[in-house]
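**Student:** Following this line is upload33.csv, made up of CSV, C-alpha atoms:
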chain,number,residue,atom,x,y,z
X,18,MET,CA,-29.5,109.8,-101.8
X,19,ARG,CA,-27.5,110.5,-105.0
X,20,ASP,CA,-29.9,113.3,-105.9
X,21,ALA,CA,-28.3,115.2,-103.1
X,22,PHE,CA,-24.9,115.2,-104.9
X,23,VAL,CA,-23.4,117.0,-107.8
X,24,ASP,CA,-21.6,114.0,-109.2
X,25,LEU,CA,-18.4,115.0,-111.2
X,26,ARG,CA,-16.5,111.7,-110.7
X,27,SER,CA,-17.1,110.5,-114.2
X,28,ASP,CA,-19.4,110.8,-117.2
X,29,THR,CA,-20.4,107.2,-116.6
X,30,VAL,CA,-22.7,108.2,-113.7
X,31,THR,CA,-25.4,109.6,-116.0
X,32,ARG,CA,-29.0,108.3,-115.7
X,33,PRO,CA,-31.0,107.3,-118.8
X,34,THR,CA,-33.2,110.1,-120.1
X,35,PRO,CA,-37.0,109.7,-120.1
X,36,GLU,CA,-36.8,109.2,-123.9
X,37,MET,CA,-34.2,106.4,-123.4
X,38,ARG,CA,-36.4,104.8,-120.7
X,39,ARG,CA,-39.4,104.8,-123.1
X,40,ALA,CA,-37.4,103.4,-125.9
X,41,MET,CA,-36.0,100.6,-123.6
X,42,ALA,CA,-39.5,99.7,-122.4
X,43,GLU,CA,-40.8,99.5,-126.0
X,44,ALA,CA,-37.8,98.0,-127.7
X,45,GLU,CA,-38.3,95.3,-130.2
X,46,VAL,CA,-36.1,92.4,-129.2
X,47,GLY,CA,-34.8,89.0,-130.1
X,48,ASP,CA,-32.0,86.7,-129.2
X,49,ASP,CA,-28.8,88.5,-130.1
X,50,VAL,CA,-26.6,85.5,-129.8
X,51,TYR,CA,-28.6,84.1,-132.7
X,52,GLY,CA,-28.3,87.4,-134.5
X,53,GLU,CA,-32.0,88.0,-134.1
X,54,ASP,CA,-32.3,91.2,-132.1
X,55,PRO,CA,-33.5,93.9,-134.6
X,56,THR,CA,-32.8,96.8,-132.2
X,57,VAL,CA,-29.2,95.6,-131.7
X,58,ARG,CA,-28.8,95.3,-135.5
X,59,ARG,CA,-30.0,98.9,-136.0
X,60,LEU,CA,-27.6,100.2,-133.4
X,61,GLU,CA,-24.7,98.3,-135.0
X,62,GLU,CA,-25.6,99.7,-138.4
X,63,ALA,CA,-25.9,103.3,-137.0
X,64,ALA,CA,-22.6,103.0,-135.2
X,65,ALA,CA,-20.7,101.7,-138.3
X,66,ALA,CA,-22.2,104.6,-140.3
X,67,ARG,CA,-21.1,107.2,-137.7
X,68,ILE,CA,-17.5,105.7,-137.5
X,69,GLY,CA,-17.2,105.0,-141.2
X,70,THR,CA,-16.6,101.3,-141.1
X,71,GLU,CA,-18.2,98.3,-142.7
X,72,ALA,CA,-19.7,96.9,-139.5
X,73,ALA,CA,-19.9,97.1,-135.8
X,74,LEU,CA,-20.5,94.8,-132.8
X,75,PHE,CA,-22.4,95.7,-129.7
X,76,VAL,CA,-20.4,94.7,-126.5
X,77,PRO,CA,-21.3,95.1,-122.8
X,78,THR,CA,-18.3,97.3,-122.0
X,79,GLY,CA,-15.5,99.4,-123.5
X,80,THR,CA,-12.9,97.1,-121.8
X,81,MET,CA,-14.4,94.1,-123.6
X,82,GLY,CA,-14.4,96.0,-126.9
X,83,ASN,CA,-10.7,96.8,-126.5
X,84,GLN,CA,-9.8,93.3,-125.5
X,85,VAL,CA,-11.7,91.6,-128.3
X,86,ALA,CA,-9.8,93.8,-130.7
X,87,ILE,CA,-6.4,93.1,-129.1
X,88,HIS,CA,-7.1,89.4,-129.2
X,89,LEU,CA,-7.8,89.5,-132.9
X,90,HIS,CA,-4.8,91.7,-133.7
X,91,THR,CA,-2.1,89.8,-131.7
X,92,ARG,CA,-0.6,86.4,-131.0
X,93,PRO,CA,0.6,85.1,-127.6
X,94,GLY,CA,4.0,86.5,-126.7
X,95,CYS,CA,3.9,89.6,-128.9
X,96,ASP,CA,4.3,93.2,-127.9
X,97,VAL,CA,1.5,95.8,-127.8
X,98,LEU,CA,2.7,99.4,-128.0
X,99,LEU,CA,0.8,101.6,-125.5
X,100,GLU,CA,1.1,105.1,-124.1
X,101,ALA,CA,2.3,104.8,-120.5
X,102,GLU,CA,-0.9,106.2,-118.9
X,103,SER,CA,-3.4,104.7,-121.4
X,104,HIS,CA,-6.6,103.2,-120.1
X,105,VAL,CA,-5.8,99.8,-121.7
X,106,TYR,CA,-2.6,99.7,-119.6
X,107,LEU,CA,-3.7,101.2,-116.3
X,108,TYR,CA,-7.4,100.2,-115.9
X,109,GLU,CA,-8.0,96.9,-117.7
X,110,LEU,CA,-6.5,94.6,-115.2
X,111,GLY,CA,-3.8,93.2,-117.4
X,112,ALA,CA,-6.5,91.7,-119.6
X,113,MET,CA,-4.3,91.5,-122.7
X,114,ALA,CA,-2.0,89.1,-120.9
X,115,ALA,CA,-4.8,87.2,-119.4
X,116,TRP,CA,-6.9,86.8,-122.5
X,117,SER,CA,-4.5,87.0,-125.3
X,118,GLY,CA,-1.0,86.3,-124.0
X,119,ALA,CA,0.1,89.7,-125.3
X,120,VAL,CA,2.7,91.9,-123.5
X,121,PRO,CA,2.4,95.6,-123.1
X,122,ARG,CA,5.3,97.7,-124.2
X,123,ILE,CA,5.1,101.1,-122.6
X,124,LEU,CA,6.0,104.3,-124.5
X,125,ARG,CA,6.0,107.7,-122.7
X,126,GLY,CA,4.0,110.3,-124.6
X,127,ARG,CA,3.9,114.0,-124.1
X,128,GLY,CA,0.6,115.0,-122.6
X,129,GLY,CA,-0.7,111.6,-123.5
X,130,ILE,CA,0.3,111.9,-127.2
X,131,LEU,CA,3.0,109.6,-128.6
X,132,ASP,CA,5.8,110.7,-130.9
X,133,PRO,CA,5.7,108.8,-134.2
X,134,SER,CA,9.5,108.3,-134.0
X,135,ASP,CA,9.1,106.5,-130.7
X,136,VAL,CA,6.7,104.1,-132.4
X,137,THR,CA,9.0,103.3,-135.2
X,138,ALA,CA,11.9,102.8,-132.9
X,139,ALA,CA,10.0,100.6,-130.5
X,140,ALA,CA,8.8,98.4,-133.4
X,141,ALA,CA,12.1,98.2,-135.2
X,142,PRO,CA,13.1,94.7,-136.2
X,143,GLY,CA,15.3,92.9,-133.7
X,144,PRO,CA,16.9,89.5,-133.3
X,145,TYR,CA,14.7,86.5,-133.2
X,146,TYR,CA,14.9,86.1,-129.4
X,147,MET,CA,13.2,89.5,-128.8
X,148,ALA,CA,9.4,89.9,-128.7
X,149,ARG,CA,7.9,91.3,-131.9
X,150,ALA,CA,5.6,94.2,-131.8
X,151,ARG,CA,2.3,93.6,-133.7
X,152,LEU,CA,-0.1,96.2,-132.5
X,153,LEU,CA,-0.3,99.9,-131.6
X,154,VAL,CA,-3.1,101.1,-129.4
X,155,LEU,CA,-4.0,104.7,-129.3
X,156,GLU,CA,-6.6,106.5,-127.0
X,157,ASN,CA,-8.8,109.4,-128.0
X,158,THR,CA,-9.6,111.3,-125.8
X,159,HIS,CA,-6.8,110.4,-123.5
X,160,ASN,CA,-8.4,110.1,-120.1
X,161,HIS,CA,-5.5,110.2,-117.7
X,162,ALA,CA,-3.9,113.1,-119.5
X,163,GLY,CA,-7.1,115.2,-118.9
X,164,GLY,CA,-9.3,114.5,-121.9
X,165,VAL,CA,-6.5,115.4,-124.4
X,166,VAL,CA,-7.5,115.2,-128.0
X,167,LEU,CA,-5.5,113.3,-130.6
X,168,GLY,CA,-6.0,115.5,-133.6
X,169,VAL,CA,-6.5,114.1,-137.1
X,170,ALA,CA,-3.0,115.1,-138.3
X,171,ALA,CA,-1.3,113.6,-135.2
X,172,LYS,CA,-3.4,110.5,-135.6
X,173,ASP,CA,-2.5,110.1,-139.2
X,174,ALA,CA,1.2,110.5,-138.5
X,175,LEU,CA,1.1,107.8,-135.8
X,176,ILE,CA,-0.8,105.4,-138.1
X,177,ALA,CA,1.8,106.0,-140.8
X,178,ALA,CA,4.6,105.2,-138.3
X,179,ALA,CA,2.8,102.0,-137.3
X,180,ARG,CA,2.3,100.9,-140.9
X,181,SER,CA,5.9,101.5,-141.7
X,182,ARG,CA,6.6,98.7,-139.2
X,183,ASP,CA,3.7,96.5,-140.3
X,184,LEU,CA,1.7,97.1,-137.1
X,185,MET,CA,-2.0,96.8,-136.7
X,186,VAL,CA,-3.6,99.9,-135.1
X,187,HIS,CA,-6.5,99.9,-132.7
X,188,LEU,CA,-8.3,103.0,-131.3
X,189,ASP,CA,-9.6,103.1,-127.8
X,190,GLY,CA,-12.1,105.7,-128.8
X,191,ALA,CA,-14.2,105.6,-125.6
X,192,ARG,CA,-14.8,109.3,-126.0
X,193,ILE,CA,-14.2,109.7,-129.7
X,194,PHE,CA,-17.3,111.9,-130.1
X,195,ASN,CA,-15.9,114.3,-127.5
X,196,ALA,CA,-12.6,114.3,-129.5
X,197,ALA,CA,-14.3,115.0,-132.8
X,198,ALA,CA,-16.4,117.8,-131.3
X,199,ALA,CA,-13.4,119.5,-129.8
X,200,ASP,CA,-11.4,119.1,-133.0
X,201,GLY,CA,-14.2,120.4,-135.3
X,202,ALA,CA,-14.2,117.0,-137.1
X,203,GLN,CA,-16.5,114.1,-137.7
X,204,ALA,CA,-16.1,110.9,-135.7
X,205,SER,CA,-15.4,109.2,-139.0
X,206,GLU,CA,-12.4,111.5,-139.6
X,207,ALA,CA,-11.0,110.7,-136.1
X,208,ALA,CA,-11.5,107.0,-136.8
X,209,ARG,CA,-10.2,106.8,-140.3
X,210,GLY,CA,-7.2,104.6,-140.9
X,211,PHE,CA,-7.6,102.3,-137.8
X,212,ASP,CA,-8.0,98.6,-138.1
X,213,SER,CA,-10.6,98.7,-135.3
X,214,VAL,CA,-12.2,101.4,-133.2
X,215,MET,CA,-14.1,101.0,-129.9
X,216,PHE,CA,-16.4,103.7,-128.6
X,217,CYS,CA,-18.6,103.9,-125.5
X,218,LEU,CA,-22.2,104.7,-125.3
X,219,SER,CA,-22.2,105.0,-121.5
X,220,LYS,CA,-19.8,108.0,-121.1
X,221,GLY,CA,-20.5,111.3,-122.7
X,222,LEU,CA,-23.4,110.0,-124.8
X,223,GLY,CA,-25.3,109.2,-121.6
X,224,ALA,CA,-26.6,105.6,-122.3
X,225,PRO,CA,-26.8,103.3,-119.3
X,226,ALA,CA,-24.5,100.6,-120.8
X,227,GLY,CA,-22.8,99.3,-123.9
X,228,SER,CA,-20.0,100.0,-126.3
X,229,LEU,CA,-19.4,99.3,-130.0
X,230,LEU,CA,-16.4,97.7,-131.7
X,231,CYS,CA,-16.2,98.9,-135.2
X,232,GLY,CA,-14.2,97.6,-138.2
X,233,SER,CA,-14.3,95.6,-141.4
X,234,ALA,CA,-17.0,93.0,-141.9
X,235,ASP,CA,-14.4,90.2,-141.5
X,236,LEU,CA,-13.1,91.6,-138.3
X,237,VAL,CA,-16.6,92.0,-136.8
X,238,ARG,CA,-17.5,88.4,-137.8
X,239,GLU,CA,-14.5,87.1,-135.9
X,240,ALA,CA,-15.1,89.6,-133.0
X,241,ARG,CA,-18.6,88.0,-132.5
X,242,VAL,CA,-16.9,84.7,-131.8
X,243,VAL,CA,-14.4,86.2,-129.3
X,244,ARG,CA,-17.2,88.2,-127.6
X,245,LYS,CA,-19.1,85.0,-127.0
X,246,ARG,CA,-15.9,83.3,-125.7
X,247,MET,CA,-15.4,86.2,-123.3
X,248,GLY,CA,-18.9,85.9,-122.0
X,249,GLY,CA,-20.3,88.9,-123.8
X,250,GLY,CA,-23.0,87.3,-125.8
X,251,MET,CA,-26.2,88.9,-124.4
X,252,ARG,CA,-29.7,87.7,-125.3
X,253,GLN,CA,-32.5,90.3,-125.6
X,254,ALA,CA,-29.9,93.1,-125.7
X,255,GLY,CA,-32.2,95.3,-127.7
X,256,ILE,CA,-33.4,96.8,-124.4
X,257,LEU,CA,-30.0,98.3,-123.9
X,258,ALA,CA,-29.4,99.0,-127.6
X,259,ALA,CA,-32.6,101.1,-127.7
X,260,ALA,CA,-31.0,103.5,-125.3
X,261,GLY,CA,-27.8,103.5,-127.4
X,262,LEU,CA,-29.7,104.5,-130.5
X,263,ILE,CA,-31.2,107.5,-128.6
X,264,ALA,CA,-27.7,108.4,-127.3
X,265,LEU,CA,-26.3,108.5,-130.9
X,266,ALA,CA,-29.3,110.4,-132.2
X,267,ARG,CA,-29.6,113.0,-129.4
X,268,ASN,CA,-26.4,113.4,-127.5
X,269,VAL,CA,-23.5,113.8,-129.9
X,270,GLU,CA,-24.3,117.3,-131.0
X,271,ARG,CA,-24.7,118.6,-127.5
X,272,LEU,CA,-21.2,117.5,-126.3
X,273,HIS,CA,-19.9,121.1,-126.8
X,274,GLU,CA,-22.0,122.1,-123.8
X,275,ASP,CA,-20.1,119.7,-121.5
X,276,HIS,CA,-16.8,121.0,-122.9
X,277,ALA,CA,-17.9,124.6,-122.2
X,278,ARG,CA,-18.8,123.8,-118.6
X,279,ALA,CA,-15.5,121.9,-118.1
X,280,ARG,CA,-13.6,125.0,-119.3
X,281,ARG,CA,-15.6,127.2,-116.9
X,282,LEU,CA,-14.8,124.9,-114.1
X,283,ALA,CA,-11.1,124.9,-115.0
X,284,GLU,CA,-11.1,128.7,-115.1
X,285,ALA,CA,-12.6,128.8,-111.6
X,286,LEU,CA,-10.1,126.3,-110.3
X,287,ALA,CA,-7.2,128.3,-111.8
X,288,GLU,CA,-8.4,131.3,-109.8
X,289,THR,CA,-8.7,129.3,-106.6
X,290,PRO,CA,-5.7,129.2,-104.2
X,291,GLY,CA,-4.2,125.7,-103.8
X,292,PHE,CA,-5.2,124.4,-107.3
X,293,ARG,CA,-2.9,124.1,-110.3
X,294,ILE,CA,-4.4,123.9,-113.8
X,295,ASP,CA,-4.0,125.5,-117.2
X,296,PRO,CA,-7.6,126.2,-118.4
X,297,GLY,CA,-6.4,126.6,-121.9
X,298,ALA,CA,-5.4,122.9,-122.0
X,299,VAL,CA,-9.0,121.8,-121.2
X,300,ARG,CA,-10.6,121.0,-124.5
X,301,THR,CA,-13.2,118.3,-123.7
X,302,ASN,CA,-15.2,117.3,-120.6
X,303,ILE,CA,-12.3,116.1,-118.3
X,304,VAL,CA,-10.7,118.5,-115.9
X,305,ILE,CA,-7.6,117.3,-113.9
X,306,ALA,CA,-6.2,119.7,-111.4
X,307,GLY,CA,-3.1,119.5,-109.2
X,308,VAL,CA,-3.5,120.2,-105.5
X,309,GLY,CA,-0.9,120.8,-102.9
X,310,PRO,CA,0.6,120.3,-100.4
X,311,GLN,CA,1.0,116.6,-99.8
X,312,GLY,CA,-2.3,114.9,-98.8
X,313,ALA,CA,-4.4,117.9,-99.9
X,314,ALA,CA,-6.1,116.0,-102.7
X,315,GLU,CA,-7.6,113.5,-100.4
X,316,ARG,CA,-8.7,116.3,-98.1
X,317,VAL,CA,-10.3,118.2,-100.9
X,318,VAL,CA,-12.2,115.2,-102.2
X,319,SER,CA,-13.4,114.5,-98.7
X,320,GLY,CA,-14.4,118.1,-98.1
X,321,LEU,CA,-16.2,118.4,-101.4
X,322,ARG,CA,-18.2,115.3,-100.5
X,323,GLU,CA,-19.3,116.8,-97.2
X,324,LEU,CA,-20.6,119.8,-99.3
X,325,GLY,CA,-22.5,117.5,-101.7
X,326,VAL,CA,-20.0,117.4,-104.6
X,327,LEU,CA,-18.3,114.2,-105.8
X,328,ALA,CA,-14.9,114.3,-107.5
X,329,GLY,CA,-12.3,111.6,-108.1
X,330,GLY,CA,-8.7,111.2,-107.1
X,331,MET,CA,-6.2,110.6,-109.9
X,332,GLY,CA,-3.2,109.6,-107.9
X,333,PRO,CA,-1.1,111.8,-105.5
X,334,GLY,CA,-1.9,115.5,-105.7
X,335,ARG,CA,-4.4,115.2,-108.6
X,336,ILE,CA,-8.2,115.5,-108.7
X,337,ARG,CA,-10.5,114.8,-111.6
X,338,PHE,CA,-13.8,116.4,-112.4
X,339,VAL,CA,-15.9,115.3,-115.4
X,340,THR,CA,-18.8,117.2,-116.8
X,341,HIS,CA,-21.7,115.4,-118.5
X,342,LEU,CA,-25.3,115.2,-119.5
X,343,ASP,CA,-26.6,115.5,-115.9
X,344,ILE,CA,-24.5,118.6,-115.0
X,345,GLY,CA,-26.2,121.8,-115.9
X,346,ASP,CA,-25.2,125.4,-115.1
X,347,ALA,CA,-26.8,125.4,-111.6
X,348,ALA,CA,-25.0,122.2,-110.6
X,349,LEU,CA,-21.7,123.6,-111.9
X,350,ASP,CA,-22.2,126.8,-109.9
X,351,ARG,CA,-22.8,124.7,-106.8
X,352,ALA,CA,-19.6,122.7,-107.4
X,353,ILE,CA,-17.5,125.9,-107.9
X,354,ARG,CA,-18.8,127.3,-104.7
X,355,ALA,CA,-17.9,124.1,-102.9
X,356,VAL,CA,-14.4,124.1,-104.3
X,357,ARG,CA,-13.8,127.7,-103.1
X,358,GLU,CA,-15.1,126.8,-99.7
X,359,VAL,CA,-12.9,123.7,-99.4
X,360,ALA,CA,-9.9,125.7,-100.6
X,361,ARG,CA,-10.2,128.1,-97.7
X,362,GLY,CA,-9.4,125.3,-95.4
X,363,LEU,CA,-6.3,124.1,-97.2
X,364,GLY,CA,-4.1,126.6,-95.4
What would the structure in this file look like if it were written as structure tokens?

**Tutor:**
Amino acid sequence: MRDAFVDLRSDTVTRPTPEMRRAMAEAEVGDDVYGEDPTVRRLEEAAAARIGTEAALFVPTGTMGNQVAIHLHTRPGCDVLLEAESHVYLYELGAMAAWSGAVPRILRGRGGILDPSDVTAAAAPGPYYMARARLLVLENTHNHAGGVVLGVAAKDALIAAARSRDLMVHLDGARIFNAAAADGAQASEAARGFDSVMFCLSKGLGAPAGSLLCGSADLVREARVVRKRMGGGMRQAGILAAAGLIALARNVERLHEDHARARRLAEALAETPGFRIDPGAVRTNIVIAGVGPQGAAERVVSGLRELGVLAGGMGPGRIRFVTHLDIGDAALDRAIRAVREVARGLG
């Protein structure tokens, strides 16, 4: 059934490549809770080398990776500084409060990017009866802002602001390799300076599951304990790690192809009546377009589905399209034709 659709809802919908499936079938495995899965160990070593940290821990999901890090960097009752539309705040079900007793303190960024002065102000020392900020969480790329890239210079300025207030800093780097590709940098440059970094294998890199939490050897040692407590201790996880190794080896350097297709889609949307988007702002694989009048976004998503194209709603008047490994030029052409046909019915 899914083969009938061009699926642009997310880059999480990719299917494992034939090479991944072979590697999974042939993976050397052991019990990872005992630290005995050699394929998991190889993946963790490869991830740490890519990100430039001492160690890494394989976790089932990006949400778990973020929440393990938050748990290690905070104490119950403290503030965690977050951009208002960050994934950790909007899409992780209040997990920082549920697991760690930490409280989100929301800062409004500009296009998803925080101002360092807002960080220093929010973390300024106050009277003893006010919650103390202990952690800053940044996101790169910023999903809800349309795949916005936090550049190296802006990242360094925000980390410096956090350090001036003795804050720890975690990066939700679910799409850090997309960010690095768009910025002309290495992932290790985008990750430098953070106390911990999480990235996903199951988004732009095309693996079926899994994320890595990267940091110092001491942090990863403690993270292993928290992962088990949260239910993330998998056994013969090398079957999944094998696909992750292929993802890191094969699918990082090709991300610019997804970005180019996203820009082409954005240009087509900009030329289509009823859609609002600045193609120049699209730098990675996420395209978020405004649609009017009221209720039009839902009608567009429904109309596209009838034509075999899947897109996602992003709140009132916004639609998200995400390019990925399974979307080639022919599929993109089909999506653009469908968008134009649906637009004719908007009136």

**Student:** Please build the interface table for segment 132-218 of chain X against segment 90-104 of chain X with a cut-off of 12 Å, listing for each qualifying residue the nearest atom pair and the distance in Å to one decimal; count all atoms listed in the file, order rows by chain and increasing number, and write it as CSV.

**Tutor:**
residue,atom,partner,partner_atom,distance
X:Asp132,CA,X:Glu100,CA,10.0
X:Pro133,CA,X:Leu98,CA,11.7
X:Asp135,CA,X:Leu98,CA,9.9
X:Val136,CA,X:Leu98,CA,7.6
X:Thr137,CA,X:Leu98,CA,10.3
X:Ala138,CA,X:Leu98,CA,11.0
X:Ala139,CA,X:Leu98,CA,7.8
X:Ala140,CA,X:Leu98,CA,8.2
X:Ala141,CA,X:Asp96,CA,11.8
X:Tyr146,CA,X:Gly94,CA,11.2
X:Met147,CA,X:Cys95,CA,9.3
X:Ala148,CA,X:Cys95,CA,5.5
X:Arg149,CA,X:Cys95,CA,5.3
X:Ala150,CA,X:Asp96,CA,4.2
X:Arg151,CA,X:Asp96,CA,6.1
X:Leu152,CA,X:Val97,CA,5.0
X:Leu153,CA,X:Leu98,CA,4.7
X:Val154,CA,X:Leu99,CA,5.5
X:Leu155,CA,X:Leu99,CA,6.9
X:Glu156,CA,X:Ser103,CA,6.7
X:Asn157,CA,X:Ser103,CA,9.7
X:Thr158,CA,X:Ser103,CA,10.1
X:His159,CA,X:Ser103,CA,7.0
X:Asn160,CA,X:His104,CA,7.1
X:His161,CA,X:Glu102,CA,6.2
X:Ala162,CA,X:Glu102,CA,7.5
X:Gly163,CA,X:Glu102,CA,10.9
X:Gly164,CA,X:Ser103,CA,11.4
X:Val165,CA,X:Ser103,CA,11.5
X:Leu175,CA,X:Leu98,CA,11.6
X:Ala178,CA,X:Leu98,CA,12.0
X:Ala179,CA,X:Leu98,CA,9.7
X:Arg182,CA,X:Leu98,CA,11.9
X:Asp183,CA,X:His90,CA,11.8
X:Leu184,CA,X:His90,CA,9.1
X:Met185,CA,X:His90,CA,6.5
X:Val186,CA,X:His90,CA,8.4
X:His187,CA,X:His90,CA,8.4
X:Leu188,CA,X:Leu99,CA,10.9
X:Asp189,CA,X:His104,CA,8.3
X:Gly190,CA,X:His104,CA,10.6
X:Ala191,CA,X:His104,CA,9.7
X:Arg192,CA,X:His104,CA,11.8
X:Phe211,CA,X:His90,CA,11.7
X:Asp212,CA,X:His90,CA,8.8
X:Ser213,CA,X:His90,CA,9.2

**Student:** Would you output that residue set with C-alpha atoms, as a tab-separated table (two decimals), in the coordinates of the input?

**Tutor:**
chain	number	residue	atom	x	y	z
X	132	ASP	CA	5.80	110.70	-130.90
X	133	PRO	CA	5.70	108.80	-134.20
X	135	ASP	CA	9.10	106.50	-130.70
X	136	VAL	CA	6.70	104.10	-132.40
X	137	THR	CA	9.00	103.30	-135.20
X	138	ALA	CA	11.90	102.80	-132.90
X	139	ALA	CA	10.00	100.60	-130.50
X	140	ALA	CA	8.80	98.40	-133.40
X	141	ALA	CA	12.10	98.20	-135.20
X	146	TYR	CA	14.90	86.10	-129.40
X	147	MET	CA	13.20	89.50	-128.80
X	148	ALA	CA	9.40	89.90	-128.70
X	149	ARG	CA	7.90	91.30	-131.90
X	150	ALA	CA	5.60	94.20	-131.80
X	151	ARG	CA	2.30	93.60	-133.70
X	152	LEU	CA	-0.10	96.20	-132.50
X	153	LEU	CA	-0.30	99.90	-131.60
X	154	VAL	CA	-3.10	101.10	-129.40
X	155	LEU	CA	-4.00	104.70	-129.30
X	156	GLU	CA	-6.60	106.50	-127.00
X	157	ASN	CA	-8.80	109.40	-128.00
X	158	THR	CA	-9.60	111.30	-125.80
X	159	HIS	CA	-6.80	110.40	-123.50
X	160	ASN	CA	-8.40	110.10	-120.10
X	161	HIS	CA	-5.50	110.20	-117.70
X	162	ALA	CA	-3.90	113.10	-119.50
X	163	GLY	CA	-7.10	115.20	-118.90
X	164	GLY	CA	-9.30	114.50	-121.90
X	165	VAL	CA	-6.50	115.40	-124.40
X	175	LEU	CA	1.10	107.80	-135.80
X	178	ALA	CA	4.60	105.20	-138.30
X	179	ALA	CA	2.80	102.00	-137.30
X	182	ARG	CA	6.60	98.70	-139.20
X	183	ASP	CA	3.70	96.50	-140.30
X	184	LEU	CA	1.70	97.10	-137.10
X	185	MET	CA	-2.00	96.80	-136.70
X	186	VAL	CA	-3.60	99.90	-135.10
X	187	HIS	CA	-6.50	99.90	-132.70
X	188	LEU	CA	-8.30	103.00	-131.30
X	189	ASP	CA	-9.60	103.10	-127.80
X	190	GLY	CA	-12.10	105.70	-128.80
X	191	ALA	CA	-14.20	105.60	-125.60
X	192	ARG	CA	-14.80	109.30	-126.00
X	211	PHE	CA	-7.60	102.30	-137.80
X	212	ASP	CA	-8.00	98.60	-138.10
X	213	SER	CA	-10.60	98.70	-135.30

**Student:** Nearest residue to Asn195 of chain X out of X:Pro333, X:Gly210, X:Gly168, X:Gly221, using all atoms listed in the file?

**Tutor:** X:Gly221

**Student:** Would you mind listing what lies within 10 Å of segment 62-70 of chain X as a ChimeraX atom specification, with only C-alpha atoms counted and same-chain residues fewer than 6 positions away left out?

**Tutor:** /X:56,193-194,203-216,228-234,261-262,265-266

**Student:** Between atom CA of Leu60 of chain X and atom CA of Asp28 of chain X, what distance in Å does the model show, to one decimal?

**Tutor:**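 Value for the atom CA of Leu60 of chain X-atom CA of Asp28 of chain X distance: 21.0 Å.
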
**Student:** Quick one: residues within 10 Å of Arg281 of chain X, only C-alpha atoms, excluding same-chain residues fewer than 3 positions away - as JSON, numbers by chain?

**Tutor:** {"X": [275, 276, 277, 278, 284, 285, 286, 287, 296, 299, 346, 349, 350, 353]}

**Student:** To one decimal place in Å, what is the distance between atom CA of Arg238 of chain X and atom CA of Ala73 of chain X?

**Tutor:** 9.2 Å

**Student:** Mind giving me the straight-line distance from atom CA of Gly111 of chain X to atom CA of Ile87 of chain X in Å, one decimal?

**Tutor:** 12.0 Å

**Student:** Between X:Gly52, X:Gly82, X:Gly129, X:Gly329, which one has atoms that come closest to Val243 of chain X, using all atoms listed in the file?

**Tutor:**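 For Val243 of chain X, the nearest of the candidates is X:Gly82.
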
**Student:** Which residue out of X:Ala199, X:Val359, X:Ala86, X:Val308 has the minimum interatomic distance to Arg280 of chain X when all atoms listed in the file are used?

**Tutor:** X:Ala199

**Student:** Using all atoms listed in the file, pick whichever of X:Ala298, X:Ile305, X:Ala226, X:Ala44 has the shortest atom-to-atom distance to Val57 of chain X.

**Tutor:**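 Closest candidate: X:Ala44.
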
**Student:** For Asn268 of chain X, work out the shell of residues within 12 Å, counting all atoms listed in the file and skipping chain neighbours fewer than 2 positions away, then give it as a PDB file with C-alpha atoms, in the coordinates of the input.

**Tutor:**
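So the final result, stored in part00.pdb, reads:
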ATOM      1  CA  PRO X  33     -31.000 107.300-118.800  1.00  0.00           C
ATOM      2  CA  THR X  34     -33.200 110.100-120.100  1.00  0.00           C
ATOM      3  CA  GLU X  36     -36.800 109.200-123.900  1.00  0.00           C
ATOM      4  CA  MET X  37     -34.200 106.400-123.400  1.00  0.00           C
ATOM      5  CA  PHE X 194     -17.300 111.900-130.100  1.00  0.00           C
ATOM      6  CA  ASN X 195     -15.900 114.300-127.500  1.00  0.00           C
ATOM      7  CA  ALA X 198     -16.400 117.800-131.300  1.00  0.00           C
ATOM      8  CA  LEU X 218     -22.200 104.700-125.300  1.00  0.00           C
ATOM      9  CA  SER X 219     -22.200 105.000-121.500  1.00  0.00           C
ATOM     10  CA  LYS X 220     -19.800 108.000-121.100  1.00  0.00           C
ATOM     11  CA  GLY X 221     -20.500 111.300-122.700  1.00  0.00           C
ATOM     12  CA  LEU X 222     -23.400 110.000-124.800  1.00  0.00           C
ATOM     13  CA  GLY X 223     -25.300 109.200-121.600  1.00  0.00           C
ATOM     14  CA  ALA X 224     -26.600 105.600-122.300  1.00  0.00           C
ATOM     15  CA  ALA X 260     -31.000 103.500-125.300  1.00  0.00           C
ATOM     16  CA  GLY X 261     -27.800 103.500-127.400  1.00  0.00           C
ATOM     17  CA  LEU X 262     -29.700 104.500-130.500  1.00  0.00           C
ATOM     18  CA  ILE X 263     -31.200 107.500-128.600  1.00  0.00           C
ATOM     19  CA  ALA X 264     -27.700 108.400-127.300  1.00  0.00           C
ATOM     20  CA  LEU X 265     -26.300 108.500-130.900  1.00  0.00           C
ATOM     21  CA  ALA X 266     -29.300 110.400-132.200  1.00  0.00           C
ATOM     22  CA  GLU X 270     -24.300 117.300-131.000  1.00  0.00           C
ATOM     23  CA  ARG X 271     -24.700 118.600-127.500  1.00  0.00           C
ATOM     24  CA  LEU X 272     -21.200 117.500-126.300  1.00  0.00           C
ATOM     25  CA  HIS X 273     -19.900 121.100-126.800  1.00  0.00           C
ATOM     26  CA  GLU X 274     -22.000 122.100-123.800  1.00  0.00           C
ATOM     27  CA  ASP X 275     -20.100 119.700-121.500  1.00  0.00           C
ATOM     28  CA  HIS X 341     -21.700 115.400-118.500  1.00  0.00           C
ATOM     29  CA  LEU X 342     -25.300 115.200-119.500  1.00  0.00           C
ATOM     30  CA  ASP X 343     -26.600 115.500-115.900  1.00  0.00           C
TER      31      ASP X 343
END

**Student:** So which one's closest to Arg357 of chain X, X:Ile303, X:Ala177, X:Phe292, X:Leu74? Using only C-alpha atoms, please.

**Tutor:**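 Smallest distance to Arg357 of chain X is found for X:Phe292.
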